[in-house]
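A.B. asks: Here you go, data.txt (compact mmCIF, C-alpha atoms):
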```txt
# COMPACT_ATOMS: atom_id res chain seq x y z
CA MET A 1 9.14 -19.16 5.75
CA LYS A 2 7.62 -15.95 7.08
CA LEU A 3 4.73 -15.91 9.57
CA VAL A 4 2.77 -13.15 11.26
CA GLY A 5 1.95 -13.43 14.96
CA ILE A 6 -1.05 -11.44 16.15
CA VAL A 7 -1.18 -10.47 19.82
CA GLY A 8 -4.86 -10.94 20.69
CA SER A 9 -4.73 -8.48 23.58
CA ASN A 10 -4.52 -4.68 23.49
CA ALA A 11 -3.24 -4.55 27.08
CA ASP A 12 0.19 -3.11 27.84
CA PHE A 13 1.15 -6.37 29.55
CA SER A 14 0.04 -9.68 28.06
CA TYR A 15 1.24 -13.25 28.54
CA ASN A 16 0.09 -13.92 24.99
CA ARG A 17 2.56 -11.31 23.77
CA ILE A 18 5.26 -13.01 25.86
CA LEU A 19 4.26 -16.36 24.34
CA LEU A 20 4.66 -15.02 20.79
CA GLN A 21 7.98 -13.41 21.70
CA TYR A 22 9.16 -16.75 23.04
CA ILE A 23 8.07 -18.52 19.85
CA ALA A 24 9.84 -15.90 17.71
CA SER A 25 13.13 -16.28 19.60
CA GLN A 26 13.20 -20.02 20.25
CA PHE A 27 11.85 -21.41 16.98
CA ASN A 28 13.51 -19.15 14.44
CA GLU A 29 15.02 -22.18 12.74
CA LEU A 30 11.51 -23.15 11.66
CA PHE A 31 10.29 -19.73 10.49
CA GLU A 32 10.64 -15.97 10.82
CA LEU A 33 7.84 -14.58 13.00
CA GLU A 34 6.84 -10.90 12.88
CA ILE A 35 4.69 -9.91 15.85
CA MET A 36 1.82 -7.51 15.16
CA GLU A 37 -0.13 -5.53 17.76
CA ILE A 38 -3.84 -4.64 17.67
CA ARG A 39 -3.90 -1.82 20.20
CA ASP A 40 -3.78 0.95 17.56
CA ILE A 41 -6.68 -0.44 15.55
CA PRO A 42 -10.01 1.31 16.27
CA MET A 43 -13.10 -0.62 17.31
CA PHE A 44 -15.12 -1.78 14.34
CA ASN A 45 -17.82 0.62 13.20
CA GLN A 46 -19.02 0.32 9.63
CA SER A 47 -20.48 3.83 9.83
CA LEU A 48 -16.98 5.18 10.47
CA ASP A 49 -15.11 3.16 7.86
CA ALA A 50 -11.42 2.95 8.78
CA THR A 51 -10.49 0.29 6.23
CA ASN A 52 -8.01 2.64 4.55
CA SER A 53 -6.33 3.66 7.80
CA VAL A 54 -2.65 2.86 8.14
CA PRO A 55 -2.93 0.34 11.04
CA ILE A 56 -5.57 -1.78 9.28
CA GLN A 57 -3.93 -1.60 5.86
CA ASN A 58 -0.54 -2.41 7.38
CA LEU A 59 -1.87 -5.46 9.23
CA ALA A 60 -3.73 -6.65 6.12
CA ARG A 61 -0.60 -6.24 4.00
CA LYS A 62 1.56 -8.18 6.48
CA ILE A 63 -0.98 -11.03 6.57
CA MET A 64 -1.28 -11.03 2.79
CA LYS A 65 2.47 -11.46 2.32
CA ALA A 66 2.94 -14.02 5.10
CA ASP A 67 2.93 -17.78 4.57
CA GLY A 68 0.78 -18.25 7.65
CA VAL A 69 -0.59 -16.58 10.79
CA ILE A 70 -0.36 -17.46 14.49
CA ILE A 71 -3.00 -15.83 16.69
CA ALA A 72 -2.37 -15.78 20.45
CA THR A 73 -5.66 -15.13 22.22
CA PRO A 74 -6.51 -14.56 25.86
CA GLU A 75 -9.89 -15.70 27.20
CA HIS A 76 -12.35 -13.08 28.43
CA ASN A 77 -15.71 -14.30 29.73
CA HIS A 78 -15.44 -17.63 27.90
CA SER A 79 -14.62 -15.89 24.59
CA ILE A 80 -11.97 -13.86 22.78
CA PRO A 81 -11.31 -10.21 23.71
CA ALA A 82 -13.47 -7.53 22.09
CA GLY A 83 -10.38 -5.94 20.55
CA LEU A 84 -9.42 -9.13 18.70
CA LYS A 85 -12.98 -9.67 17.49
CA SER A 86 -13.01 -6.07 16.24
CA VAL A 87 -9.80 -6.62 14.26
CA ILE A 88 -11.28 -9.67 12.54
CA GLU A 89 -14.37 -7.59 11.70
CA TRP A 90 -12.16 -5.06 9.91
CA LEU A 91 -10.31 -7.86 8.11
CA SER A 92 -13.57 -9.26 6.75
CA PHE A 93 -15.50 -6.05 6.02
CA LYS A 94 -14.10 -4.73 2.72
CA ILE A 95 -10.76 -6.52 2.68
CA HIS A 96 -10.19 -10.25 3.20
CA PRO A 97 -6.49 -10.97 3.80
CA LEU A 98 -7.23 -14.04 5.96
CA GLU A 99 -9.08 -15.82 3.16
CA ASN A 100 -7.40 -19.21 2.49
CA LYS A 101 -4.56 -18.23 4.84
CA PRO A 102 -3.24 -21.02 7.16
CA VAL A 103 -3.82 -20.04 10.80
CA LEU A 104 -2.65 -21.59 14.06
CA ILE A 105 -4.38 -20.63 17.31
CA VAL A 106 -2.48 -20.57 20.58
CA GLY A 107 -3.29 -18.96 23.90
CA SER A 108 -2.32 -18.49 27.53
CA SER A 109 -4.33 -17.50 30.57
CA TYR A 110 -4.13 -17.30 34.35
CA TYR A 111 -6.29 -20.37 34.91
CA ASP A 112 -6.03 -24.15 34.53
CA GLN A 113 -8.04 -24.52 31.32
CA GLY A 114 -5.83 -22.15 29.37
CA THR A 115 -7.92 -20.54 26.63
CA SER A 116 -9.90 -23.60 25.51
CA ARG A 117 -13.27 -21.88 25.17
CA ALA A 118 -11.82 -18.76 23.56
CA GLN A 119 -9.93 -20.91 21.05
CA LEU A 120 -13.07 -22.86 20.17
CA HIS A 121 -14.95 -19.60 19.61
CA LEU A 122 -12.08 -18.15 17.55
CA ARG A 123 -12.12 -21.21 15.28
CA GLN A 124 -15.79 -20.60 14.55
CA ILE A 125 -15.17 -16.92 13.82
CA LEU A 126 -12.23 -17.62 11.49
CA ASP A 127 -14.34 -20.16 9.59
CA SER A 128 -17.19 -17.72 9.00
CA PRO A 129 -18.06 -16.27 5.55
CA GLY A 130 -15.96 -13.21 4.79
CA VAL A 131 -13.06 -14.47 6.89
CA ASN A 132 -12.57 -17.97 5.44
CA ALA A 133 -9.24 -18.64 7.10
CA VAL A 134 -7.88 -22.20 7.00
CA VAL A 135 -7.39 -23.03 10.68
CA MET A 136 -5.08 -25.94 11.46
CA PRO A 137 -7.34 -28.71 12.79
CA GLY A 138 -6.69 -30.25 16.21
CA ASN A 139 -3.30 -29.38 17.73
CA GLU A 140 -4.36 -26.92 20.41
CA PHE A 141 -1.74 -25.22 22.52
CA LEU A 142 -3.40 -24.15 25.77
CA LEU A 143 -1.06 -22.62 28.33
CA GLY A 144 -2.66 -22.38 31.77
CA LYS A 145 -1.34 -20.67 34.88
CA ALA A 146 0.72 -18.33 32.75
CA PRO A 147 2.37 -16.40 35.64
CA GLU A 148 3.93 -19.66 36.80
CA ALA A 149 4.72 -20.99 33.32
CA PHE A 150 7.31 -18.33 32.38
CA ASP A 151 10.55 -17.45 34.14
CA GLU A 152 11.81 -13.90 34.63
CA LEU A 153 13.35 -13.91 31.12
CA GLY A 154 10.09 -14.89 29.43
CA ASN A 155 11.09 -18.50 28.78
CA LEU A 156 8.85 -21.50 29.38
CA LYS A 157 9.98 -23.40 32.43
CA SER A 158 8.55 -26.83 31.65
CA GLU A 159 10.55 -29.05 29.30
CA GLY A 160 7.39 -30.96 28.42
CA THR A 161 5.57 -27.74 27.50
CA ARG A 162 8.47 -26.61 25.34
CA LYS A 163 8.53 -29.92 23.47
CA PHE A 164 4.77 -29.92 22.92
CA LEU A 165 4.87 -26.34 21.61
CA GLY A 166 7.76 -27.20 19.30
CA ALA A 167 5.90 -30.24 17.94
CA THR A 168 2.78 -28.14 17.34
CA LEU A 169 4.74 -25.47 15.48
CA ALA A 170 6.55 -28.08 13.36
CA LYS A 171 3.17 -29.56 12.38
CA PHE A 172 1.93 -26.08 11.47
CA VAL A 173 4.91 -25.59 9.15
CA GLN A 174 4.04 -28.90 7.45
CA PHE A 175 0.38 -27.83 7.29
CA ILE A 176 1.40 -24.63 5.49
CA LYS A 177 3.50 -26.59 3.00
CA ILE A 178 0.61 -28.96 2.28
CA MET A 179 -1.80 -26.05 1.80
CA ASP A 180 0.71 -24.32 -0.44
CA ALA A 181 1.11 -27.44 -2.57
CA MET A 182 -2.66 -27.81 -2.93
CA GLU A 183 -3.44 -24.20 -3.79
CA LYS A 184 -1.36 -21.16 -2.97
CA PRO A 185 -3.66 -18.53 -1.46
CA GLU A 186 -4.00 -15.47 -3.65
CA TYR A 187 -5.05 -12.25 -2.01
CA LYS A 188 -7.07 -10.03 -4.31
CA LEU A 189 -7.26 -6.34 -3.59
CA PRO A 190 -10.74 -4.78 -3.68
CA PRO A 191 -11.79 -3.38 -7.08
CA GLU A 192 -11.46 0.35 -7.72
CA ASP A 193 -14.42 2.55 -8.61
CA LEU A 194 -12.82 4.39 -11.52
CA HIS A 195 -16.14 6.12 -12.26
CA ALA A 196 -16.04 7.84 -8.83
CA THR A 197 -19.67 7.01 -8.06
CA GLY A 198 -19.08 7.23 -4.32
CA GLN A 199 -18.54 10.28 -2.15
CA ILE A 200 -15.90 11.44 0.29
CA PRO A 201 -16.13 14.49 2.58
CA THR A 202 -14.52 16.74 -0.05
CA THR A 203 -16.69 15.61 -2.97
CA VAL A 204 -18.64 18.50 -4.53
CA THR A 205 -22.13 17.13 -5.06
CA GLY A 206 -24.75 18.38 -7.49
CA VAL A 207 -22.25 19.10 -10.28
CA ASP A 208 -21.73 16.75 -13.22
CA MET A 209 -18.15 15.44 -12.93
CA ALA A 210 -17.88 15.21 -16.72
CA ALA A 211 -18.95 18.82 -17.33
CA GLU A 212 -16.44 20.87 -19.34
CA ASP A 213 -16.90 23.74 -16.87
CA TRP A 214 -16.86 21.56 -13.76
CA LEU A 215 -14.19 23.76 -12.18
CA GLU A 216 -16.30 26.92 -12.56
CA GLN A 217 -19.54 25.26 -11.42
CA ALA A 218 -17.95 23.51 -8.43
CA SER A 219 -16.06 26.67 -7.40
CA ASP A 220 -19.28 28.70 -7.43
CA LYS A 221 -21.12 26.06 -5.41
CA VAL A 222 -18.54 25.89 -2.60
CA GLY A 223 -17.56 29.56 -2.70
CA ALA A 224 -13.93 28.80 -3.53
CA VAL A 225 -11.47 31.60 -2.86
CA ILE A 226 -9.45 33.11 -5.71
CA GLY A 227 -6.94 35.84 -6.44
CA ASN A 228 -5.31 37.62 -3.52
CA THR A 229 -7.23 35.73 -0.83
CA TYR A 230 -4.81 34.23 1.66
CA VAL A 231 -4.65 30.49 2.32
CA LYS A 232 -3.07 29.31 5.57
CA LEU A 233 -0.99 26.18 4.93
CA ASP A 234 0.61 23.99 7.59
CA ARG A 235 3.94 25.76 7.05
CA GLY A 236 3.14 28.85 5.07
CA LEU A 237 0.76 31.68 4.21
CA LEU A 238 0.19 32.27 0.50
CA THR A 239 -2.46 33.84 -1.65
CA VAL A 240 -4.26 31.69 -4.20
CA ASP A 241 -2.35 33.51 -6.92
CA GLN A 242 0.96 32.75 -5.20
CA LEU A 243 0.01 29.09 -4.91
CA ASN A 244 -0.74 28.95 -8.62
CA TRP A 245 2.52 30.72 -9.51
CA PHE A 246 4.48 28.45 -7.21
CA LEU A 247 2.97 25.20 -8.52
CA ASN A 248 3.12 26.29 -12.15
CA SER A 249 6.82 27.08 -11.77
CA MET A 250 7.64 23.48 -10.86
CA PRO A 251 9.95 21.84 -13.45
CA LEU A 252 7.61 18.87 -13.67
CA GLU A 253 3.96 18.15 -14.42
CA LEU A 254 1.78 17.66 -11.35
CA THR A 255 -1.61 15.93 -11.18
CA TYR A 256 -3.85 15.22 -8.20
CA ALA A 257 -6.62 12.60 -8.06
CA ASP A 258 -8.43 12.16 -4.74
CA SER A 259 -9.24 8.93 -2.87
CA ASN A 260 -12.62 8.84 -4.64
CA ASN A 261 -10.73 8.54 -7.97
CA GLN A 262 -11.76 11.99 -9.18
CA PHE A 263 -9.21 14.02 -11.19
CA LEU A 264 -9.10 17.40 -9.41
CA TYR A 265 -5.98 19.31 -10.45
CA TYR A 266 -3.00 19.72 -12.76
CA ASN A 267 -0.42 22.51 -12.76
CA HIS A 268 -0.65 24.64 -15.88
CA ASN A 269 3.00 25.26 -16.73
CA ALA A 270 2.77 24.71 -20.49
CA PRO A 271 0.21 24.51 -23.32
CA ALA A 272 -1.30 21.04 -23.74
CA GLU A 273 0.60 20.39 -26.95
CA ASP A 274 3.92 21.02 -25.15
CA MET A 275 3.17 18.80 -22.13
CA LEU A 276 4.60 15.33 -21.62
CA ALA A 277 1.08 14.17 -20.69
CA LYS A 278 -1.33 16.38 -22.56
CA ARG A 279 -3.93 17.66 -20.08
CA GLN A 280 -7.00 19.64 -21.10
CA PRO A 281 -8.84 22.14 -18.85
CA GLY A 282 -12.13 20.28 -19.34
CA GLN A 283 -10.68 17.14 -17.77
CA VAL A 284 -10.57 18.66 -14.27
CA GLY A 285 -13.38 17.16 -12.18
CA ASN A 286 -13.70 14.03 -14.32
CA PRO A 287 -13.68 10.54 -12.78
CA LEU A 288 -10.51 8.70 -13.74
CA ALA A 289 -12.51 6.40 -16.02
CA ASN A 290 -13.14 9.42 -18.28
CA CYS A 291 -9.43 10.20 -18.37
CA HIS A 292 -8.37 6.84 -19.81
CA PRO A 293 -9.37 4.58 -22.67
CA PRO A 294 -11.18 1.46 -21.41
CA LYS A 295 -8.23 -0.77 -22.38
CA ALA A 296 -6.16 1.03 -19.73
CA TYR A 297 -8.65 0.54 -16.86
CA LYS A 298 -6.96 -2.61 -15.58
CA ASN A 299 -3.59 -0.88 -15.43
CA VAL A 300 -5.01 2.21 -13.75
CA GLU A 301 -6.81 0.08 -11.18
CA TRP A 302 -3.62 -1.85 -10.42
CA VAL A 303 -1.67 1.34 -9.69
CA ILE A 304 -4.37 2.71 -7.39
CA GLN A 305 -4.68 -0.61 -5.56
CA GLN A 306 -0.94 -0.69 -4.89
CA LEU A 307 -0.99 2.82 -3.42
CA ARG A 308 -4.29 2.55 -1.53
CA SER A 309 -3.33 -0.77 0.09
CA GLY A 310 0.17 0.39 0.97
CA ASN A 311 1.80 -2.37 -1.08
CA GLN A 312 3.94 0.39 -2.54
CA ASP A 313 4.46 4.05 -1.64
CA VAL A 314 5.30 4.97 -5.21
CA VAL A 315 4.98 3.39 -8.64
CA ARG A 316 7.35 4.63 -11.36
CA VAL A 317 7.02 3.99 -15.07
CA HIS A 318 9.48 4.95 -17.79
CA VAL A 319 7.56 6.04 -20.92
CA PRO A 320 9.95 5.65 -23.87
CA ASN A 321 7.75 6.97 -26.68
CA HIS A 322 8.92 10.59 -26.25
CA GLY A 323 12.05 9.98 -28.32
CA PRO A 324 15.70 9.06 -27.73
CA ASP A 325 16.64 12.51 -26.42
CA GLN A 326 14.24 12.29 -23.45
CA PHE A 327 13.92 9.94 -20.48
CA VAL A 328 10.37 10.57 -19.25
CA VAL A 329 9.22 9.00 -15.99
CA HIS A 330 5.65 8.96 -14.63
CA ASN A 331 5.68 8.79 -10.82
CA TYR A 332 2.55 7.87 -8.84
CA GLN A 333 2.98 8.80 -5.18
CA ALA A 334 0.44 7.87 -2.50
CA ILE A 335 -0.95 10.84 -0.54
CA HIS A 336 -2.00 10.44 3.10
CA ASP A 337 -3.84 12.82 5.41
CA GLU A 338 -2.75 13.84 8.91
CA ASN A 339 -4.21 10.59 10.29
CA GLY A 340 -2.28 8.47 7.82
CA GLU A 341 -5.31 7.56 5.73
CA TYR A 342 -5.03 7.29 1.96
CA ALA A 343 -6.05 10.60 0.37
CA GLY A 344 -5.27 10.10 -3.30
CA ILE A 345 -2.45 10.19 -5.84
CA ASN A 346 0.22 12.77 -6.56
CA GLU A 347 1.36 12.06 -10.11
CA TYR A 348 4.48 13.93 -11.14
CA ILE A 349 5.98 13.58 -14.59
CA LEU A 350 9.41 14.78 -15.62
CA ASP A 351 12.07 14.32 -18.23
CA LEU A 352 15.16 13.09 -16.40
CA GLN A 353 17.52 13.56 -19.36
CA PRO A 354 18.39 17.24 -18.67
CA TRP A 355 19.13 16.35 -15.03
CA VAL A 356 21.32 13.41 -16.08
CA ASP A 357 23.16 15.58 -18.61
CA TRP A 358 23.77 18.29 -16.01
CA TYR A 359 25.00 15.74 -13.46
CA LEU A 360 27.41 14.20 -15.95
CA GLN A 361 28.71 17.63 -16.92
CA GLN A 362 29.24 18.61 -13.29
CA THR A 363 30.96 15.37 -12.35
CA ARG A 364 32.86 15.03 -15.65
CA GLN A 365 31.45 11.57 -16.26
CA GLN A 366 29.94 10.01 -19.33
CA LEU A 367 27.37 7.31 -19.96
CA VAL A 368 28.56 4.15 -21.66
CA ALA A 369 26.97 0.81 -22.34
CA ALA A 370 27.39 -1.85 -19.68
CA ASP A 371 30.09 -3.51 -21.77
CA GLY A 372 31.90 -0.18 -22.17
CA SER A 373 31.45 -0.20 -25.93
CA ALA A 374 29.76 3.07 -26.84
CA PRO A 375 27.76 5.96 -25.35
CA ALA A 376 24.22 4.93 -24.55
CA GLY A 377 21.07 6.28 -22.92
CA PRO A 378 20.58 7.13 -19.25
CA ALA A 379 19.63 3.53 -18.41
CA ALA A 380 23.19 2.37 -19.13
CA ALA A 381 25.97 2.11 -16.61
CA ALA A 382 27.93 5.20 -15.54
CA LYS A 383 31.69 5.26 -16.09
CA VAL A 384 33.92 7.96 -14.67
CA ASP A 385 36.39 9.45 -17.13
CA GLY A 386 40.12 9.61 -16.56
CA VAL A 387 40.11 13.29 -15.58
CA SER A 388 38.25 12.73 -12.31
CA GLY A 389 40.38 9.80 -11.25
CA ALA A 390 37.32 8.13 -9.75
CA SER A 391 36.77 4.40 -9.97
CA GLU A 392 34.52 2.81 -12.56
CA LYS A 393 30.90 2.19 -11.60
CA VAL A 394 29.34 -0.76 -13.37
CA ALA A 395 25.60 -1.37 -13.37
CA ALA A 396 23.35 -3.83 -15.13
CA PRO A 397 21.51 -2.61 -18.21
CA ALA A 398 17.90 -1.67 -17.68
CA PRO A 399 15.45 -4.55 -18.13
CA THR A 400 13.64 -4.48 -21.44
CA ALA A 401 11.09 -7.28 -20.98
CA ALA A 402 8.25 -5.08 -19.76
CA LYS A 403 6.68 -2.92 -22.44
CA VAL A 404 4.99 0.38 -21.67
CA ASP A 405 1.34 0.57 -22.66
CA ALA A 406 0.72 2.83 -25.62
CA VAL A 407 -1.87 4.74 -23.62
CA ALA A 408 0.94 6.36 -21.61
CA GLY A 409 0.94 9.03 -24.26
CA ALA A 410 -2.85 9.07 -24.44
CA SER A 411 -4.60 11.32 -26.90
CA GLU A 412 -6.09 14.65 -26.00
CA LYS A 413 -9.66 15.00 -24.84
CA PRO A 414 -11.99 16.48 -27.48
CA ALA A 415 -13.25 19.89 -26.47
CA ALA A 416 -16.88 19.13 -27.26
CA ALA A 417 -17.59 16.38 -24.73
CA PRO A 418 -15.86 14.14 -22.20
CA ALA A 419 -14.37 11.07 -23.84
CA PRO A 420 -13.02 7.85 -22.35
CA ALA A 421 -9.92 8.17 -24.53
CA ALA A 422 -8.74 11.37 -22.82
CA ALA A 423 -5.23 12.05 -21.64
CA ALA A 424 -4.17 9.64 -18.95
CA PRO A 425 -3.28 10.88 -15.46
CA VAL A 426 -2.31 7.27 -14.58
CA ASN A 427 -0.72 4.66 -16.81
CA VAL A 428 1.29 1.54 -16.15
CA PRO A 429 2.64 -1.23 -18.36
CA ALA A 430 0.17 -4.02 -18.94
CA ALA A 431 2.87 -6.49 -17.95
CA GLN A 432 2.91 -4.95 -14.48
CA ALA A 433 -0.80 -5.28 -14.02
CA ALA A 434 -0.73 -8.88 -15.12
CA ALA A 435 2.23 -9.83 -12.97
CA GLY A 436 1.15 -7.80 -9.96
CA GLY A 437 4.51 -6.09 -9.63
CA VAL A 438 6.61 -3.19 -10.75
CA ASP A 439 8.99 -3.76 -13.66
CA GLY A 440 12.70 -3.25 -13.46
CA VAL A 441 12.56 0.06 -15.32
CA SER A 442 10.50 1.70 -12.58
CA GLY A 443 12.89 0.90 -9.77
CA ALA A 444 10.00 1.27 -7.30
CA SER A 445 10.70 -0.80 -4.22
CA GLU A 446 8.01 -2.80 -2.49
CA LYS A 447 6.97 -1.61 0.91
CA GLY A 448 7.36 -4.40 3.42
```
Please, can you express the file's structure as structure tokens?
C.D. replies:
Amino acid sequence: MKLVGIVGSNADFSYNRILLQYIASQFNELFELEIMEIRDIPMFNQSLDATNSVPIQNLARKIMKADGVIIATPEHNHSIPAGLKSVIEWLSFKIHPLENKPVLIVGSSYYDQGTSRAQLHLRQILDSPGVNAVVMPGNEFLLGKAPEAFDELGNLKSEGTRKFLGATLAKFVQFIKIMDAMEKPEYKLPPEDLHATGQIPTTVTGVDMAAEDWLEQASDKVGAVIGNTYVKLDRGLLTVDQLNWFLNSMPLELTYADSNNQFLYYNHNAPAEDMLAKRQPGQVGNPLANCHPPKAYKNVEWVIQQLRSGNQDVVRVHVPNHGPDQFVVHNYQAIHDENGEYAGINEYILDLQPWVDWYLQQTRQQLVAADGSAPAGPAAAAKVDGVSGASEKVAAPAPTAAKVDAVAGASEKPAAAPAPAAAAPVNVPAAQAAAGGVDGVSGASEKG
């Protein structure tokens, strides 16, 4: 069983942090406790929305994956600290990871009453609409006179206190099991606005996103630089022309969609008919909803949710409908700005077969089926031939249960007007969207 422990203080020294550290070390036979800090989370301000910042998304993701949460709160002026209240505001503003999540409240303070009033207030807050945590009733652990309660190694001195804490934690484990048997909490990520109706600081307003000449109109409006004008990058100085040459020379297809779900760029290294994902110039500027048929919206939303929330850094999908002589993989990589906030998707598409063929030629290996019967595709196991003298490498065959959605090779966008059935910058198997995970073909690991 995995639990998250939240230190309710943002101070450098906190007896509540020491209490959680003691619980983590002394009761690891009951559960695994990961301690989370709140000091890097900004104060709540809905005008300066930080929901997508790394500290908030990371905390939300840890809570979402945990079986339960232990919150250790100090008591400040008969209530919880402002920092802890601010964190709960963020976790109930646009995201709701505490909803239906079992929570145990503990606390320590310098005074006799422990944190009784703060704990009572915290129960009320956690029960409020938008938070909807399931707080374990009764069973309060109030540690008073904290400086005297711990020894120099951070252990509780009193045998009676240790036993009471252990009994409380054991009851919490049972409480989690009962809640899990009744109804396992399911955290739902916020829906994605695939029509890009919102705005971010880089959104060009006053230009129809679906316009065929969006690029020209938007460039004129913002005075975009072209040609031999220099652009200073974080580690380079290139002209716009050089940037285009550089990106177009990449041996893969690149696409960028921003955090507002607007399709802003693709590298033009081949005519549309020769591309693995057939892009059209008129697609640039479109919301992602215009770049996919409606039947693919659920899959597109799932991919974006995984990347925006930090559940995964990258989602990979093998698209097999290019033929047996190609092994085409669509990669969806989360982009973050200098502050670590989600800034969109870098989709890069490439045919891995030439790379595999080159590698096998260089290493004098060949691909065989897992049973060693006959040459197979790149998903089979690799076996070293007798010339190299290397040992045999055996791998399991690639899973075949998950099927790739047909929209992965979406049709081209008609030149006359934007169409929902345009080429797809983002596609994922329907099985993935339904199951909420990445299939075995992708090999994308989950970010913990």
A.B. asks: Quote the spacing between CA of Lys2 (chain A) and CA of Ala167 (chain A) in Å to one decimal place.
C.D. replies: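 Between CA of Lys2 (chain A) and CA of Ala167 (chain A) the gap is 18.0 Å.
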A.B. asks: The centre and edge lengths of an axis-aligned box containing all atoms of region 133-146 of chain A present in the file, extended by 3 Å on each side, are to be given in Å to one decimal, as AutoDock Vina command-line options.
C.D. replies:
```
--center_x -4.3 --center_y -24.3 --center_z 20.9 --size_x 16.0 --size_y 17.9 --size_z 33.9
```
A.B. asks: Give me, please, the distance in Å between CA of Pro55 (chain A) and CA of His195 (chain A), quoted to one decimal.
C.D. replies: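 Separating CA of Pro55 (chain A) from CA of His195 (chain A) is a distance of 27.4 Å.
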A.B. asks: Per residue of region 179-236 of chain A within 8 Å of region 249-270 of chain A, note the shortest atom pair and the distance in Å to one decimal, counting only C-alpha atoms, and order the rows by chain and increasing residue number, as a Markdown table.
C.D. replies:
```
| residue | atom | partner | partner_atom | distance |
| --- | --- | --- | --- | --- |
| A:Asp193 | CA | A:Asn261 | CA | 7.1 |
| A:Leu194 | CA | A:Asn261 | CA | 5.8 |
| A:His195 | CA | A:Asn261 | CA | 7.3 |
| A:Ala196 | CA | A:Asn261 | CA | 5.4 |
| A:Gly198 | CA | A:Asn260 | CA | 6.7 |
| A:Gln199 | CA | A:Asn260 | CA | 6.6 |
| A:Ile200 | CA | A:Asn260 | CA | 6.5 |
```
A.B. asks: Would you list the residues near (-15.7, -20.4, 24.7), meaning any protein, DNA or RNA residue with an atom at most 6 Å from that point in file coordinates, counting all atoms listed in the file, as number ranges by chain?
C.D. replies: A: 78-79, 117-118, 120-121
A.B. asks: Write to file, as a short mmCIF file (atom, residue, chain, number, x, y, z; two decimals), keeping the file's coordinate frame, the residues of the selection just made, with C-alpha atoms.
C.D. replies:
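New file selection-v6.cif:
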```cif
data_model
loop_
_atom_site.label_atom_id
_atom_site.label_comp_id
_atom_site.auth_asym_id
_atom_site.auth_seq_id
_atom_site.Cartn_x
_atom_site.Cartn_y
_atom_site.Cartn_z
CA HIS A 78 -15.44 -17.63 27.90
CA SER A 79 -14.62 -15.89 24.59
CA ARG A 117 -13.27 -21.88 25.17
CA ALA A 118 -11.82 -18.76 23.56
CA LEU A 120 -13.07 -22.86 20.17
CA HIS A 121 -14.95 -19.60 19.61
#
```
A.B. asks: Interatomic distance between CA of Ile226 (chain A) and CA of Val204 (chain A)?
C.D. replies: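 Computing the Euclidean distance for CA of Ile226 (chain A) and CA of Val204 (chain A) yields 17.3 Å.
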A.B. asks: From the list A:Thr73, A:Asn132, A:Gln305, A:Thr205, which residue is nearest Gly344 (chain A) when using all atoms listed in the file?
C.D. replies: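 Checking each candidate against Gly344 (chain A), we get A:Gln305 as the closest.
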A.B. asks: Under the rule of at most 10 Å, produce a per-residue listing of region 163-249 of chain A near region 137-157 of chain A: chain, number, name, the closest pair of atoms, and the distance in Å, as a Markdown table, using all atoms listed in the file.
C.D. replies:
```
| residue | atom | partner | partner_atom | distance |
| --- | --- | --- | --- | --- |
| A:Phe164 | CA | A:Phe141 | CA | 8.0 |
| A:Leu165 | CA | A:Phe141 | CA | 6.8 |
| A:Ala167 | CA | A:Asn139 | CA | 9.2 |
| A:Thr168 | CA | A:Asn139 | CA | 6.2 |
| A:Leu169 | CA | A:Asn139 | CA | 9.2 |
| A:Lys171 | CA | A:Asn139 | CA | 8.4 |
| A:Phe172 | CA | A:Asn139 | CA | 8.8 |
| A:Phe175 | CA | A:Pro137 | CA | 9.5 |
```
A.B. asks: Using only C-alpha atoms, find the one residue out of A:Tyr110, A:Ala218, A:Tyr15, A:Glu32 that sits nearest to Val284 (chain A).
C.D. replies: A:Ala218
A.B. asks: Pick the closest to Gly130 (chain A) from A:Pro201, A:Pro281, A:Pro74, A:Pro97: which is it, counting all atoms listed in the file?
C.D. replies: A:Pro97
A.B. asks: Of the candidates A:Val131, A:Val356, A:Met64, A:Ile80, which shows the shortest atom-to-atom distance to Lys94 (chain A), using only C-alpha atoms?
C.D. replies: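 For Lys94 (chain A), the nearest of the candidates is A:Val131.
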A.B. asks: Identify the residues within 12 Å of coordinate (-4.4, 38.3, -5.3) (same frame as the file), considering all atoms listed in the file, and give the answer as JSON, numbers by chain.
C.D. replies: {"A": [225, 226, 227, 228, 229, 230, 231, 238, 239, 240, 241, 242, 243, 244, 245]}
A.B. asks: Report as number ranges by chain all protein, DNA and RNA residues lying within 7 Å of region 323-336 of chain A, evaluated on all atoms listed in the file, omitting residues in the same chain fewer than 6 positions from it.
C.D. replies: A: 307, 313-317, 342-353
A.B. asks: What's the 9 Å shell around Val134 (chain A), counting only C-alpha atoms, without same-chain residues fewer than 5 positions away, as a ChimeraX atom specification?
C.D. replies: /A:98-104,126-127,179
A.B. asks: Find the residues around Ile56 (chain A) up to 9 Å (all atoms listed in the file counted), leave out those fewer than 4 positions away in its own chain, and share them as a ChimeraX atom specification.
C.D. replies: /A:40-42,50-52,60-61,87,90-91
A.B. asks: So which residues touch Arg39 (chain A) within 10 Å, counting only C-alpha atoms, skipping near sequence neighbours fewer than 5 positions away, as a PyMOL selection string?
C.D. replies: chain A and resi 7-12+55+83-84+87
